[in-house]
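Below is one structure, written out as structure tokens; comments come after it.
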Amino acid sequence: MGNNRLAVRFGSVVRRLRLKAGFSQESFAAEVGIHRTYQGAIERGEKTVTIETADKLARALRLTLVELFSELEKEE
């Protein structure tokens with residue numbers, strides 16, 4: 001996985017938290033304000049996100065960026 005290992009882990013965390021929050025991929029993408037195919041690419045680790053998008057993802061999950069990144073650290 002090389003360079004995208006972090007992106008894959010991040011996507012996995014976002015997917016786990018999205019499902020835990022009860023969102024479908026499509027409804028979550030709408031909540032975040034991004035396209036559902038982009039959301040899928042994030043969750044598969046195919047796309048890396050900007051800090052602005054990470055903040056939008058966190059807010060949609062009712063988390064702070066710190067809390068979202070803490071979840072990422074737990075996955076390590």
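Lettering and numbering for the structure tokens are positional, with chains as A, B, ... in the shown order, residues counted from 1 in each chain, and ligands counted from 1 in the shown order.
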DSSP alpha helix (DSSP H) residues within chain A, listed as an MDAnalysis selection string: chainID A and resid 5:20 25:32 36:43 51:60 65:75
Those same residues, written as a short mmCIF file (atom, residue, chain, number, x, y, z; two decimals), in the first residue's frame with C-alpha atoms?
```cif
data_model
loop_
_atom_site.label_atom_id
_atom_site.label_comp_id
_atom_site.auth_asym_id
_atom_site.auth_seq_id
_atom_site.Cartn_x
_atom_site.Cartn_y
_atom_site.Cartn_z
CA ARG A 5 -1.48 3.60 3.67
CA LEU A 6 -2.56 6.60 5.73
CA ALA A 7 -5.35 7.38 3.26
CA VAL A 8 -6.58 3.78 3.51
CA ARG A 9 -6.57 3.92 7.32
CA PHE A 10 -8.33 7.30 7.29
CA GLY A 11 -10.98 5.99 4.93
CA SER A 12 -11.52 2.95 7.09
CA VAL A 13 -12.04 5.14 10.16
CA VAL A 14 -14.49 7.39 8.32
CA ARG A 15 -16.44 4.35 7.07
CA ARG A 16 -16.59 2.79 10.55
CA LEU A 17 -17.75 6.04 12.16
CA ARG A 18 -20.26 6.73 9.37
CA LEU A 19 -21.84 3.32 9.81
CA LYS A 20 -21.85 3.69 13.59
CA GLN A 25 -22.78 6.55 2.09
CA GLU A 26 -25.11 8.70 0.01
CA SER A 27 -26.80 10.42 2.95
CA PHE A 28 -23.45 11.05 4.61
CA ALA A 29 -22.00 12.60 1.45
CA ALA A 30 -25.04 14.89 1.28
CA GLU A 31 -24.55 15.86 4.94
CA VAL A 32 -20.87 16.62 4.31
CA ARG A 36 -21.12 10.29 -3.10
CA THR A 37 -18.49 8.92 -5.48
CA TYR A 38 -15.88 11.14 -3.80
CA GLN A 39 -17.06 9.83 -0.43
CA GLY A 40 -16.60 6.27 -1.67
CA ALA A 41 -13.11 7.07 -2.94
CA ILE A 42 -12.20 8.55 0.47
CA GLU A 43 -13.44 5.44 2.26
CA ILE A 51 -7.93 19.70 6.07
CA GLU A 52 -11.15 21.52 5.13
CA THR A 53 -12.75 18.28 3.96
CA ALA A 54 -11.52 16.45 7.05
CA ASP A 55 -13.21 19.14 9.13
CA LYS A 56 -16.47 18.72 7.18
CA LEU A 57 -16.30 14.94 7.68
CA ALA A 58 -15.68 15.38 11.41
CA ARG A 59 -18.55 17.85 11.80
CA ALA A 60 -20.95 15.55 9.96
CA LEU A 65 -10.97 17.23 14.12
CA VAL A 66 -9.03 16.18 17.21
CA GLU A 67 -11.55 13.44 17.94
CA LEU A 68 -11.50 12.24 14.33
CA PHE A 69 -7.72 12.13 14.23
CA SER A 70 -7.68 10.41 17.64
CA GLU A 71 -9.79 7.65 16.09
CA LEU A 72 -7.24 7.45 13.30
CA GLU A 73 -4.42 7.07 15.82
CA LYS A 74 -6.30 4.23 17.54
CA GLU A 75 -6.39 2.34 14.22
#
```
Using only C-alpha atoms: which of A:Thr48, A:Gly33, A:Glu76, A:Arg62 has the shortest distance to Asn4 of chain A: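 Closest to Asn4 of chain A, using only C-alpha atoms: A:Thr48.
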